[in-house]
file my_file22.cif (mmCIF, C-alpha atoms and all ligand atoms)
data_final
loop_
_atom_site.label_atom_id
_atom_site.label_comp_id
_atom_site.auth_asym_id
_atom_site.auth_seq_id
_atom_site.Cartn_x
_atom_site.Cartn_y
_atom_site.Cartn_z
CA MET A 292 0.00 0.00 0.00
CA VAL A 293 1.18 3.51 -0.66
CA VAL A 294 -0.03 6.60 1.16
CA VAL A 295 0.22 9.64 -1.07
CA MET A 296 0.53 12.90 0.90
CA LEU A 297 -1.04 16.17 -0.26
CA PRO A 298 1.35 18.79 -1.67
CA SER A 299 0.38 20.92 1.35
CA ALA A 300 1.08 18.17 3.91
CA THR A 301 3.49 19.01 6.72
CA GLU A 302 6.41 16.84 7.88
CA ASN A 303 4.50 16.22 11.14
CA GLN A 304 1.48 14.90 9.26
CA ARG A 305 3.78 12.56 7.31
CA LYS A 306 5.28 11.31 10.59
CA GLU A 307 1.80 10.69 12.01
CA VAL A 308 1.07 8.47 9.01
CA GLU A 309 4.30 6.56 9.63
CA LYS A 310 3.40 6.13 13.30
CA GLU A 311 0.03 4.70 12.33
CA ILE A 312 1.73 2.21 9.99
CA HIS A 313 4.20 1.17 12.71
CA LYS A 314 1.32 0.70 15.14
CA LEU A 315 -0.02 -1.91 12.67
CA GLY A 316 3.28 -3.80 12.95
CA ARG A 317 4.54 -2.81 9.48
CA LYS A 318 7.64 -0.90 8.40
CA SER A 319 7.52 2.18 6.20
CA SER A 320 9.69 3.98 3.72
CA THR A 321 9.13 7.45 2.31
CA MET A 322 9.85 8.62 -1.22
CA TYR A 323 10.35 12.39 -1.23
CA GLY A 324 9.04 13.88 -4.47
CA ASP A 325 9.14 17.35 -5.98
CA ASP A 326 5.40 17.91 -5.59
CA CYS A 327 4.38 15.47 -2.89
CA ASN A 328 5.76 12.70 -0.70
CA VAL A 329 4.70 9.05 -0.79
CA VAL A 330 4.83 6.78 2.27
CA GLY A 331 5.14 3.12 1.30
CA ILE A 332 4.14 0.26 3.61
CA ILE A 333 6.57 -2.64 3.66
CA GLY A 334 5.16 -6.12 4.25
CA ASP A 335 1.83 -7.86 3.92
CA GLU A 336 -1.11 -5.54 3.33
CA THR A 337 -3.80 -7.93 4.50
CA GLY A 338 -5.92 -6.42 7.24
CA ILE A 339 -4.75 -2.84 6.71
CA ASP A 340 -7.58 -0.33 6.81
CA PHE A 341 -6.63 1.95 3.98
CA GLU A 342 -9.81 3.97 4.27
CA LYS A 343 -8.73 5.01 7.73
CA LEU A 344 -5.27 5.96 6.47
CA SER A 345 -6.71 7.94 3.58
CA MET A 346 -8.73 10.05 6.04
CA MET A 347 -5.70 11.16 8.09
CA GLU A 348 -4.64 14.81 8.06
CA GLY A 349 -2.45 15.67 5.09
CA VAL A 350 -3.22 12.46 3.16
CA ASP A 351 -4.40 12.70 -0.43
CA TYR A 352 -5.18 8.99 -0.90
CA ALA A 353 -4.05 5.52 0.13
CA HIS A 354 -3.82 2.72 -2.39
CA PRO A 355 -3.07 -1.01 -2.15
CA ILE A 356 -0.17 -2.38 -4.19
CA GLN A 357 -1.08 -6.05 -3.97
CA LYS A 358 -3.59 -7.05 -6.63
CA GLU A 359 -7.11 -6.81 -5.29
CA VAL A 360 -8.79 -10.22 -5.39
CA LYS A 361 -12.55 -10.16 -5.05
CA TYR A 362 -12.77 -13.88 -4.32
CA PRO A 363 -10.11 -14.51 -1.66
CA LEU A 364 -11.81 -17.68 -0.35
CA VAL A 365 -11.38 -19.49 -3.65
CA SER A 366 -8.35 -17.73 -5.09
CA ARG A 367 -5.27 -19.79 -5.84
CA ASN A 368 -3.14 -16.80 -4.90
CA ILE A 369 -2.97 -16.37 -1.15
CA GLY A 370 -0.59 -13.40 -1.18
CA SER A 371 3.16 -13.05 -0.64
CA ASN A 372 3.88 -14.97 -3.85
CA ARG A 373 2.28 -18.17 -2.56
CA LEU A 374 -0.19 -20.25 -4.53
CA LEU A 375 -2.37 -23.13 -3.42
CA GLN A 376 -1.83 -26.47 -5.16
CA ASP A 377 -4.76 -28.03 -7.03
CA ARG A 378 -7.20 -29.41 -4.51
CA ILE A 379 -8.28 -33.00 -4.96
CA ILE A 380 -11.80 -33.48 -3.65
CA GLU A 381 -12.72 -36.74 -2.00
CA ILE A 382 -16.28 -38.02 -2.35
CA GLY A 383 -18.02 -41.11 -0.99
CA ASP A 384 -17.47 -43.01 2.26
CA GLU A 385 -16.40 -46.38 3.69
CA ASN A 386 -19.65 -47.98 2.55
CA ILE A 387 -19.49 -47.06 -1.16
CA GLY A 388 -15.73 -46.37 -1.41
CA LYS A 389 -13.98 -43.15 -2.30
CA SER A 390 -13.61 -41.23 -5.58
CA TYR A 391 -11.29 -38.31 -6.17
CA ILE A 392 -12.03 -35.29 -8.31
CA GLY A 393 -9.20 -33.25 -9.78
CA GLY A 394 -6.47 -35.89 -9.67
CA GLU A 395 -5.05 -38.64 -11.83
CA ASN A 396 -8.38 -39.99 -13.12
CA PRO A 397 -11.39 -38.24 -14.60
CA ILE A 398 -14.86 -38.38 -13.09
CA TYR A 399 -18.01 -38.86 -15.16
CA PHE A 400 -21.41 -38.05 -13.69
CA ILE A 401 -23.92 -39.88 -15.82
CA GLY A 402 -27.66 -40.36 -15.73
CA PRO A 403 -30.91 -38.97 -17.02
CA CYS A 404 -32.05 -35.38 -16.79
CA SER A 405 -34.82 -36.45 -14.37
CA VAL A 406 -35.09 -39.56 -12.25
CA GLU A 407 -38.13 -41.24 -13.79
CA SER A 408 -38.13 -44.80 -12.42
CA GLU A 409 -36.02 -47.31 -10.53
CA ASP A 410 -35.49 -49.49 -13.62
CA GLN A 411 -34.20 -46.54 -15.58
CA MET A 412 -31.70 -45.66 -12.84
CA LYS A 413 -30.62 -49.30 -12.50
CA GLU A 414 -29.72 -49.44 -16.16
CA ILE A 415 -27.43 -46.42 -15.76
CA ALA A 416 -25.92 -47.77 -12.54
CA GLU A 417 -25.22 -51.12 -14.20
CA LEU A 418 -23.34 -49.33 -16.96
CA ALA A 419 -21.34 -47.31 -14.41
CA SER A 420 -20.49 -50.45 -12.41
CA GLU A 421 -19.29 -52.28 -15.51
CA LEU A 422 -17.13 -49.35 -16.52
CA ASN A 423 -15.78 -49.08 -12.98
CA GLU A 424 -14.57 -52.67 -13.25
CA GLU A 425 -12.97 -52.14 -16.64
CA LYS A 426 -11.38 -48.72 -16.28
CA SER A 427 -9.51 -46.44 -13.95
CA SER A 428 -11.93 -43.57 -14.60
CA GLN A 429 -14.58 -42.91 -11.96
CA TYR A 430 -18.36 -42.70 -12.16
CA GLY A 431 -21.13 -40.99 -10.24
CA ILE A 432 -24.85 -41.28 -10.84
CA ARG A 433 -26.86 -38.15 -11.60
CA GLY A 434 -30.59 -37.51 -11.97
CA GLY A 435 -32.82 -34.60 -11.00
CA CYS A 436 -35.50 -35.15 -8.34
CA TYR A 437 -36.43 -31.51 -7.75
CA LYS A 438 -36.33 -30.11 -11.27
CA PRO A 439 -35.97 -26.36 -11.67
CA ARG A 440 -38.18 -25.36 -14.59
CA THR A 441 -38.21 -22.15 -16.57
CA GLY A 442 -41.99 -22.32 -17.05
CA ALA A 443 -44.89 -23.31 -14.82
CA HIS A 444 -46.06 -26.38 -16.72
CA GLY A 445 -43.11 -28.75 -16.89
CA PHE A 446 -42.43 -31.94 -14.93
CA GLU A 447 -40.97 -30.97 -11.58
CA GLY A 448 -39.41 -34.30 -10.73
CA LEU A 449 -40.35 -37.24 -8.52
CA LYS A 450 -39.11 -35.29 -5.50
CA LYS A 451 -38.84 -37.46 -2.36
CA GLU A 452 -39.70 -40.64 -4.27
CA GLY A 453 -36.87 -39.86 -6.69
CA LEU A 454 -34.45 -39.35 -3.81
CA GLU A 455 -35.44 -42.70 -2.36
CA ILE A 456 -34.69 -44.36 -5.70
CA LEU A 457 -31.25 -42.71 -5.73
CA GLY A 458 -30.69 -43.87 -2.14
CA ARG A 459 -31.40 -47.47 -3.08
CA ILE A 460 -29.17 -47.24 -6.17
CA ARG A 461 -26.35 -45.89 -3.98
CA GLU A 462 -26.68 -48.80 -1.57
CA GLU A 463 -27.05 -51.52 -4.17
CA PHE A 464 -24.36 -50.39 -6.60
CA LYS A 465 -22.00 -48.58 -4.22
CA LEU A 466 -21.80 -45.57 -6.48
CA PRO A 467 -21.73 -41.90 -5.47
CA ILE A 468 -24.83 -39.82 -6.18
CA ILE A 469 -25.15 -36.26 -7.37
CA THR A 470 -28.50 -34.48 -7.54
CA GLU A 471 -29.68 -30.90 -7.55
CA VAL A 472 -30.80 -29.00 -4.47
CA ARG A 473 -33.47 -26.63 -5.70
CA SER A 474 -34.22 -24.94 -2.42
CA GLU A 475 -33.02 -24.58 1.16
CA LYS A 476 -36.25 -26.25 2.27
CA THR A 477 -35.24 -29.63 0.87
CA ALA A 478 -31.47 -29.26 1.24
CA ASN A 479 -31.14 -31.45 4.36
CA LEU A 480 -33.29 -34.16 2.81
CA VAL A 481 -31.19 -34.22 -0.37
CA ALA A 482 -27.99 -34.21 1.70
CA GLU A 483 -29.07 -37.40 3.51
CA ILE A 484 -28.74 -39.27 0.21
CA SER A 485 -26.57 -37.31 -2.17
CA ASP A 486 -22.77 -37.39 -2.00
CA ILE A 487 -22.55 -34.14 -3.94
CA LEU A 488 -25.05 -31.29 -3.74
CA GLN A 489 -25.67 -29.67 -7.11
CA VAL A 490 -26.48 -25.97 -7.50
CA GLY A 491 -28.26 -25.47 -10.82
CA ALA A 492 -27.73 -22.61 -13.23
CA ARG A 493 -31.01 -20.98 -12.19
CA ASN A 494 -29.92 -20.89 -8.56
CA SER A 495 -26.36 -19.73 -9.10
CA TYR A 496 -27.08 -16.34 -7.48
CA ASN A 497 -29.25 -17.69 -4.66
CA GLN A 498 -27.17 -16.58 -1.71
CA ASP A 499 -29.31 -18.24 0.97
CA LEU A 500 -29.10 -21.57 -0.81
CA LEU A 501 -25.32 -21.20 -1.20
CA PHE A 502 -25.02 -20.41 2.52
CA LYS A 503 -27.17 -23.38 3.42
CA LEU A 504 -25.11 -25.80 1.35
CA GLY A 505 -21.93 -24.39 2.87
CA ASP A 506 -23.34 -25.04 6.34
CA ILE A 507 -24.22 -28.63 5.44
CA GLY A 508 -20.56 -29.08 4.54
CA LYS A 509 -20.85 -31.75 1.84
CA PRO A 510 -19.07 -31.32 -1.53
CA VAL A 511 -20.98 -28.91 -3.79
CA LEU A 512 -21.11 -28.88 -7.58
CA TYR A 513 -21.68 -25.25 -8.52
CA LYS A 514 -22.98 -24.59 -12.02
CA ARG A 515 -22.41 -21.28 -13.77
CA GLY A 516 -25.59 -19.28 -14.30
CA PHE A 517 -26.55 -18.74 -17.92
CA GLY A 518 -25.78 -15.05 -17.79
CA MET A 519 -23.13 -15.13 -15.10
CA ASN A 520 -19.67 -13.73 -15.69
CA ILE A 521 -16.57 -15.48 -14.43
CA GLU A 522 -15.96 -13.07 -11.58
CA ASP A 523 -19.49 -13.45 -10.21
CA TRP A 524 -19.15 -17.21 -10.44
CA LEU A 525 -15.95 -17.14 -8.39
CA ARG A 526 -17.40 -14.66 -5.91
CA GLY A 527 -20.60 -16.69 -5.58
CA SER A 528 -18.62 -19.78 -4.63
CA GLY A 529 -17.17 -17.83 -1.71
CA HIS A 530 -20.67 -17.87 -0.17
CA ILE A 531 -20.53 -21.67 -0.06
CA ILE A 532 -17.18 -21.68 1.69
CA LYS A 533 -18.15 -18.94 4.12
CA GLY A 534 -21.58 -20.45 4.80
CA GLY A 535 -24.44 -18.75 6.60
CA ASN A 536 -22.72 -19.32 9.93
CA GLY A 537 -19.58 -17.55 8.64
CA LYS A 538 -17.47 -20.44 9.94
CA ASN A 539 -15.63 -21.38 6.78
CA ASN A 540 -17.12 -24.78 6.19
CA GLY A 541 -14.54 -26.44 4.01
CA ARG A 542 -13.45 -26.02 0.49
CA ASP A 543 -15.04 -28.84 -1.44
CA ILE A 544 -16.45 -27.05 -4.45
CA ILE A 545 -16.49 -28.39 -7.98
CA TYR A 546 -17.32 -25.82 -10.65
CA CYS A 547 -19.40 -26.94 -13.62
CA GLU A 548 -19.47 -25.02 -16.89
CA ARG A 549 -22.72 -25.47 -18.82
CA GLY A 550 -22.88 -22.52 -21.23
CA GLU A 551 -24.79 -19.29 -21.52
CA THR A 552 -27.97 -17.94 -23.09
CA PRO A 553 -27.33 -17.64 -26.83
CA MET A 554 -27.63 -14.36 -28.67
CA GLY A 555 -29.61 -13.61 -31.78
CA GLY A 556 -31.76 -16.73 -32.04
CA ASP A 557 -28.82 -19.12 -31.98
CA GLU A 558 -30.64 -21.56 -29.69
CA LYS A 559 -31.68 -23.43 -32.81
CA PHE A 560 -28.00 -24.40 -33.18
CA LEU A 561 -26.77 -24.59 -29.58
CA ARG A 562 -28.90 -24.48 -26.44
CA TYR A 563 -26.44 -22.70 -24.16
CA PRO A 564 -23.20 -22.09 -26.09
CA SER A 565 -20.15 -22.34 -23.89
CA GLN A 566 -16.98 -20.32 -23.69
CA MET A 567 -15.10 -23.52 -22.97
CA GLN A 568 -11.94 -21.61 -22.08
CA VAL A 569 -13.52 -20.64 -18.75
CA GLY A 570 -12.30 -24.04 -17.54
CA SER A 571 -8.69 -22.97 -18.08
CA VAL A 572 -9.33 -19.55 -16.57
CA LEU A 573 -10.70 -21.15 -13.40
CA LYS A 574 -7.70 -23.44 -13.19
CA TYR A 575 -5.43 -20.40 -13.12
CA GLU A 576 -7.61 -18.40 -10.74
CA THR A 577 -8.59 -21.10 -8.26
CA TYR A 578 -7.25 -24.31 -6.79
CA LEU A 579 -10.59 -26.09 -7.18
CA PRO A 580 -11.63 -28.62 -9.84
CA VAL A 581 -13.89 -27.80 -12.77
CA ILE A 582 -15.94 -30.13 -14.93
CA PHE A 583 -17.90 -29.62 -18.14
CA ASP A 584 -21.56 -30.32 -18.95
CA PRO A 585 -21.85 -30.87 -22.70
CA SER A 586 -25.53 -31.88 -22.46
CA HIS A 587 -27.12 -28.61 -21.36
CA SER A 588 -24.58 -26.62 -23.27
CA ALA A 589 -25.01 -28.31 -26.67
CA GLY A 590 -28.65 -29.26 -26.17
CA LYS A 591 -28.49 -31.86 -28.97
CA SER A 592 -27.35 -35.45 -28.66
CA ASN A 593 -25.33 -35.37 -31.89
CA LEU A 594 -23.11 -32.58 -30.50
CA ILE A 595 -22.24 -34.25 -27.19
CA TRP A 596 -19.35 -36.29 -28.57
CA ASP A 597 -17.30 -33.37 -29.91
CA SER A 598 -17.94 -31.11 -26.91
CA SER A 599 -16.89 -33.87 -24.52
CA MET A 600 -13.68 -34.51 -26.44
CA GLY A 601 -12.93 -30.80 -26.43
CA ALA A 602 -13.37 -30.50 -22.66
CA MET A 603 -11.19 -33.49 -21.91
CA SER A 604 -8.38 -32.20 -24.12
CA MET A 605 -8.55 -28.83 -22.40
CA GLY A 606 -7.81 -30.11 -18.90
CA TYR A 607 -11.29 -30.24 -17.37
CA ASP A 608 -11.48 -32.70 -14.47
CA GLY A 609 -14.50 -34.58 -15.71
CA LEU A 610 -17.89 -34.45 -17.40
CA LEU A 611 -21.52 -34.36 -16.40
CA ILE A 612 -23.47 -36.04 -19.18
CA GLU A 613 -27.14 -36.85 -19.50
CA VAL A 614 -27.45 -40.54 -20.36
CA HIS A 615 -30.89 -42.13 -20.73
CA PRO A 616 -31.83 -45.71 -21.67
CA ASP A 617 -34.49 -44.39 -24.04
CA PRO A 618 -33.77 -40.72 -24.82
CA LYS A 619 -36.67 -40.26 -27.25
CA ASN A 620 -39.14 -40.94 -24.45
CA ALA A 621 -37.37 -38.95 -21.74
CA ILE A 622 -39.76 -36.73 -19.77
CA THR A 623 -37.31 -33.81 -19.77
CA ASP A 624 -34.45 -32.78 -22.08
CA ALA A 625 -35.13 -35.60 -24.55
CA LYS A 626 -33.13 -34.05 -27.39
CA GLN A 627 -29.82 -33.88 -25.59
CA GLN A 628 -29.57 -37.24 -23.85
CA ILE A 629 -27.39 -40.02 -25.22
CA LYS A 630 -27.83 -43.79 -24.93
CA PRO A 631 -25.69 -45.93 -22.61
CA LYS A 632 -24.03 -47.59 -25.62
CA GLU A 633 -22.90 -44.22 -26.96
CA PHE A 634 -21.52 -43.20 -23.59
CA ARG A 635 -19.58 -46.45 -23.40
CA ASP A 636 -17.87 -45.63 -26.72
CA LEU A 637 -17.35 -41.99 -25.80
CA VAL A 638 -15.67 -42.73 -22.51
CA LYS A 639 -12.89 -44.67 -24.24
CA VAL A 640 -11.93 -41.61 -26.25
CA CYS A 641 -12.42 -39.23 -23.33
CA ASP A 642 -10.19 -41.27 -21.00
CA GLU A 643 -7.37 -41.07 -23.51
CA LEU A 644 -7.81 -37.39 -24.08
CA TYR A 645 -7.89 -36.76 -20.32
CA SER A 646 -4.58 -38.49 -19.83
CA ILE A 647 -3.00 -36.13 -22.35
CA GLY A 648 -5.01 -32.95 -21.76
CA HIS A 649 -5.13 -32.94 -17.98
CA ILE A 650 -1.44 -33.57 -17.41
CA SER A 651 -0.15 -31.28 -20.12
CA SER A 652 -2.44 -28.45 -19.07
CA LYS A 653 -1.33 -28.84 -15.43
CA ASN A 654 2.37 -28.97 -16.33
CA ARG A 655 2.08 -25.88 -18.48
CA ARG A 656 0.21 -24.01 -15.73
CA ASP A 657 2.68 -24.98 -13.00
CA LYS A 658 5.57 -23.90 -15.22
CA HIS A 659 3.89 -20.58 -15.96
CA PHE A 660 3.57 -19.85 -12.24
CA GLU A 661 7.06 -21.07 -11.40
CA ASP A 662 8.57 -18.89 -14.15
CA LEU A 663 6.83 -15.93 -12.54
CA GLY A 664 8.47 -16.79 -9.21
CA TYR A 665 5.45 -18.16 -7.33
CA LYS A 666 5.75 -20.98 -4.80
CA PHE A 667 3.12 -23.71 -4.39
CA ILE A 668 1.89 -24.77 -0.97
CA ASN A 669 -0.80 -27.24 0.06
C1 LIG B 1 -29.30 -30.39 -14.55
O1 LIG B 1 -28.08 -30.63 -14.60
O2 LIG B 1 -30.13 -31.23 -14.24
C2 LIG B 1 -29.77 -29.01 -14.85
C3 LIG B 1 -31.03 -28.64 -14.62
O3 LIG B 1 -28.85 -28.23 -15.38
P1 LIG B 1 -28.73 -26.62 -15.40
O4 LIG B 1 -28.90 -26.14 -14.00
O5 LIG B 1 -27.34 -26.42 -15.93
O6 LIG B 1 -29.77 -26.11 -16.34
MN MN B 2 -31.47 -31.65 -18.10
#

call {"tool": "encode", "arguments": {"input": "my_file22.cif", "output": "structure tokens", "more": "lines below"}}
Ligand code: PEP
Ligand code: MN
result
Amino acid sequence: MVVVMLPSATENQRKEVEKEIHKLGRKSSTMYGDDCNVVGIIGDETGIDFEKLSMMEGVDYAHPIQKEVKYPLVSRNIGSNRLLQDRIIEIGDENIGKSYIGGENPIYFIGPCSVESEDQMKEIAELASELNEEKSSQYGIRGGCYKPRTGAHGFEGLKKEGLEILGRIREEFKLPIITEVRSEKTANLVAEISDILQVGARNSYNQDLLFKLGDIGKPVLYKRGFGMNIEDWLRGSGHIIKGGNGKNNGRDIIYCERGETPMGGDEKFLRYPSQMQVGSVLKYETYLPVIFDPSHSAGKSNLIWDSSMGAMSMGYDGLLIEVHPDPKNAITDAKQQIKPKEFRDLVKVCDELYSIGHISSKNRRDKHFEDLGYKFIN
């Protein structure tokens, strides 16, 4: 921080400023200029009240030197040239086993848009179990029970009955579950079953919901709103970490990019076109994992393959894909869901791309930071 003195400031006023800085446990150094003098603060600026300093007699203004970060709770940069390492998020428990998001192996959350029946969910869970046996990649089961709808007439999900189906699937197949929490009212109920609590695009700005999920303390998948800029997304996630009780409830957040509202009638081509590079931006800005949702973004089943390949090459930590045993007859989002057989083929390609994309993107990022002189800490 620098404190710029007014041209009319006296030497005594400058000394008072220095005294104030020393009271805060920091050293100071003054640059004497032709028109005005500047008192610099040496050391960490965190916690310094620069508004108070700027109101002292003889002071023109006080200004921080360290870059202002509006999302300190999720920022990779924790000041003094230190950066947090990528965080690997653990999901599951002793009963179903553990999966890790953000590490060596990708995670795929698969399942229908809405939970419709137990048989439907079993078919998806069988596929995930088979793949689990065959591959090192990891699988979670998704399916909406409390569906957020844009209009008043759509299917709103099986609600509690849907959750119970997911609970039985979790027990029988020992697979982690992810489902959306639409409101604070049902958050505890969802958290009894779901290993990951999903915040949908429509709720991305719902501060009370974000607080509530932070207080529950389970891993949260936080989708980007369809008109939300990157900074708001990062700032919003701080609400989850802070929680309503302000206690800092843990840092298990997984971002999920799912695209934005298209401009100029383009929804006939893409439902919510994505700036896929946001995944890379988040990886530089935060230490938290980020996955991609090709289904809501593309909105058409024939486009899922290419979008998924793109995301895996770019270093995303996994995918959330709508997979339905009979997409044509799906109650919601019929056009964008793919069949289990197609997912099985897709995952082969995606696993390979992950092993190249994820490592090379991480190496490049680490090198970039190291070249700039930053040090990583856990
Ligand atoms: C979903 O994943 O089920 C969903 C409703 O997605 P979004 O919030 O991205 O629209
Ligand atoms: Mn959907």

call {"tool": "residues_near_ligand", "arguments": {"input": "my_file22.cif", "ligand": "ligand MN 2 (chain B)", "cutoff": "9 Å", "atoms": "only C-alpha atoms and all ligand atoms", "output": "list in words"}}
result
Pro403, Cys404, Ser405, Gly434, Gly435, Lys438, Ser586, His587, Gly590, Glu613, Thr623, Asp624, Ala625, Gln627 and Gln628 of chain A

call {"tool": "write_last_selection", "arguments": {"input": "my_file22.cif", "atoms": "C-alpha atoms", "output": "PDB file, in the coordinates of the input"}}
result
ATOM      1  CA  PRO A 403     -30.910 -38.970 -17.020  1.00  0.00           C
ATOM      2  CA  CYS A 404     -32.050 -35.380 -16.790  1.00  0.00           C
ATOM      3  CA  SER A 405     -34.820 -36.450 -14.370  1.00  0.00           C
ATOM      4  CA  GLY A 434     -30.590 -37.510 -11.970  1.00  0.00           C
ATOM      5  CA  GLY A 435     -32.820 -34.600 -11.000  1.00  0.00           C
ATOM      6  CA  LYS A 438     -36.330 -30.110 -11.270  1.00  0.00           C
ATOM      7  CA  SER A 586     -25.530 -31.880 -22.460  1.00  0.00           C
ATOM      8  CA  HIS A 587     -27.120 -28.610 -21.360  1.00  0.00           C
ATOM      9  CA  GLY A 590     -28.650 -29.260 -26.170  1.00  0.00           C
ATOM     10  CA  GLU A 613     -27.140 -36.850 -19.500  1.00  0.00           C
ATOM     11  CA  THR A 623     -37.310 -33.810 -19.770  1.00  0.00           C
ATOM     12  CA  ASP A 624     -34.450 -32.780 -22.080  1.00  0.00           C
ATOM     13  CA  ALA A 625     -35.130 -35.600 -24.550  1.00  0.00           C
ATOM     14  CA  GLN A 627     -29.820 -33.880 -25.590  1.00  0.00           C
ATOM     15  CA  GLN A 628     -29.570 -37.240 -23.850  1.00  0.00           C
TER      16      GLN A 628
END

call {"tool": "residues_around", "arguments": {"input": "my_file22.cif", "residues": "Asp608 of chain A", "least_positions_apart": "4", "cutoff": "6 Å", "atoms": "only C-alpha atoms", "output": "list in words"}}
result
Gly393, Pro397, Val581 and Ile582 of chain A

call {"tool": "closest_residue", "arguments": {"input": "my_file22.cif", "among": "A:Asp499, A:Glu576, A:Glu558, A:Glu447", "to": "ligand LIG 1 (chain B)", "atoms": "only C-alpha atoms and all ligand atoms"}}
result
A:Glu447

call {"tool": "residues_near_ligand", "arguments": {"input": "my_file22.cif", "ligand": "ligand LIG 1 (chain B)", "cutoff": "8 Å", "atoms": "all atoms listed in the file", "output": "tab-separated table (two decimals) with C-alpha atoms, in the coordinates of the input"}}
result
chain	number	residue	atom	x	y	z
A	404	CYS	CA	-32.05	-35.38	-16.79
A	405	SER	CA	-34.82	-36.45	-14.37
A	434	GLY	CA	-30.59	-37.51	-11.97
A	435	GLY	CA	-32.82	-34.60	-11.00
A	438	LYS	CA	-36.33	-30.11	-11.27
A	439	PRO	CA	-35.97	-26.36	-11.67
A	440	ARG	CA	-38.18	-25.36	-14.59
A	470	THR	CA	-28.50	-34.48	-7.54
A	471	GLU	CA	-29.68	-30.90	-7.55
A	489	GLN	CA	-25.67	-29.67	-7.11
A	490	VAL	CA	-26.48	-25.97	-7.50
A	491	GLY	CA	-28.26	-25.47	-10.82
A	492	ALA	CA	-27.73	-22.61	-13.23
A	493	ARG	CA	-31.01	-20.98	-12.19
A	494	ASN	CA	-29.92	-20.89	-8.56
A	514	LYS	CA	-22.98	-24.59	-12.02
A	515	ARG	CA	-22.41	-21.28	-13.77
A	516	GLY	CA	-25.59	-19.28	-14.30
A	517	PHE	CA	-26.55	-18.74	-17.92
A	549	ARG	CA	-22.72	-25.47	-18.82
A	550	GLY	CA	-22.88	-22.52	-21.23
A	584	ASP	CA	-21.56	-30.32	-18.95
A	587	HIS	CA	-27.12	-28.61	-21.36
A	588	SER	CA	-24.58	-26.62	-23.27
A	611	LEU	CA	-21.52	-34.36	-16.40
A	613	GLU	CA	-27.14	-36.85	-19.50

call {"tool": "atom_distance", "arguments": {"input": "my_file22.cif", "atom1": "atom CA of Asn303 of chain A", "atom2": "atom CA of Gly324 of chain A"}}
result
16.4 Å

call {"tool": "residues_around", "arguments": {"input": "my_file22.cif", "residues": "segment 345-351 of chain A", "least_positions_apart": "4", "cutoff": "9 Å", "atoms": "only C-alpha atoms", "output": "PyMOL selection string"}}
result
chain A and resi 294-301+304-305+307-308+340-341

call {"tool": "atom_distance", "arguments": {"input": "my_file22.cif", "atom1": "atom CA of Ala416 of chain A", "atom2": "atom CA of Tyr437 of chain A"}}
result
19.9 Å

call {"tool": "residues_near_point", "arguments": {"input": "my_file22.cif", "point": "(1.6, -24.2, -3.1)", "cutoff": "9 Å", "atoms": "only C-alpha atoms", "output": "JSON, numbers by chain"}}
result
{"A": [367, 368, 373, 374, 375, 376, 377, 665, 666, 667, 668, 669]}

call {"tool": "residues_around", "arguments": {"input": "my_file22.cif", "residues": "Pro467 of chain A", "least_positions_apart": "4", "cutoff": "6 Å", "atoms": "only C-alpha atoms", "output": "PyMOL selection string"}}
result
chain A and resi 383+431+486

call {"tool": "write_last_selection", "arguments": {"input": "my_file22.cif", "atoms": "C-alpha atoms", "output": "mmCIF file, in the coordinates of the input"}}
result
data_model
loop_
_atom_site.group_PDB
_atom_site.id
_atom_site.type_symbol
_atom_site.label_atom_id
_atom_site.label_comp_id
_atom_site.auth_asym_id
_atom_site.auth_seq_id
_atom_site.Cartn_x
_atom_site.Cartn_y
_atom_site.Cartn_z
ATOM 1 C CA GLY A 383 -18.020 -41.110 -0.990
ATOM 2 C CA GLY A 431 -21.130 -40.990 -10.240
ATOM 3 C CA ASP A 486 -22.770 -37.390 -2.000
#

call {"tool": "closest_residue", "arguments": {"input": "my_file22.cif", "among": "A:Met292, A:Glu661, A:Asp617, A:Tyr352", "to": "Ser319 of chain A", "atoms": "only C-alpha atoms"}}
result
A:Met292

call {"tool": "closest_residue", "arguments": {"input": "my_file22.cif", "among": "A:Glu551, A:Asp523, A:Glu452, A:Glu425", "to": "Ser495 of chain A", "atoms": "only C-alpha atoms"}}
result
A:Asp523

call {"tool": "build_atoms", "arguments": {"input": "my_file22.cif", "residues": "segment 489-495 of chain A", "atoms": "N, CA and C atoms", "output": "short mmCIF file (atom, residue, chain, number, x, y, z; two decimals), in the frame of the given file"}}
result
data_model
loop_
_atom_site.label_atom_id
_atom_site.label_comp_id
_atom_site.auth_asym_id
_atom_site.auth_seq_id
_atom_site.Cartn_x
_atom_site.Cartn_y
_atom_site.Cartn_z
N GLN A 489 -25.80 -30.46 -5.89
CA GLN A 489 -25.67 -29.67 -7.11
C GLN A 489 -26.46 -28.37 -7.01
N VAL A 490 -25.79 -27.26 -7.37
CA VAL A 490 -26.48 -25.97 -7.50
C VAL A 490 -26.70 -25.76 -8.99
N GLY A 491 -27.95 -25.62 -9.40
CA GLY A 491 -28.26 -25.47 -10.82
C GLY A 491 -28.03 -24.05 -11.30
N ALA A 492 -27.99 -23.92 -12.62
CA ALA A 492 -27.73 -22.61 -13.23
C ALA A 492 -28.72 -21.56 -12.73
N ARG A 493 -29.98 -21.95 -12.59
CA ARG A 493 -31.01 -20.98 -12.19
C ARG A 493 -30.83 -20.50 -10.75
N ASN A 494 -30.11 -21.23 -9.97
CA ASN A 494 -29.92 -20.89 -8.56
C ASN A 494 -28.52 -20.33 -8.26
N SER A 495 -27.77 -20.06 -9.33
CA SER A 495 -26.36 -19.73 -9.10
C SER A 495 -26.17 -18.46 -8.26
#
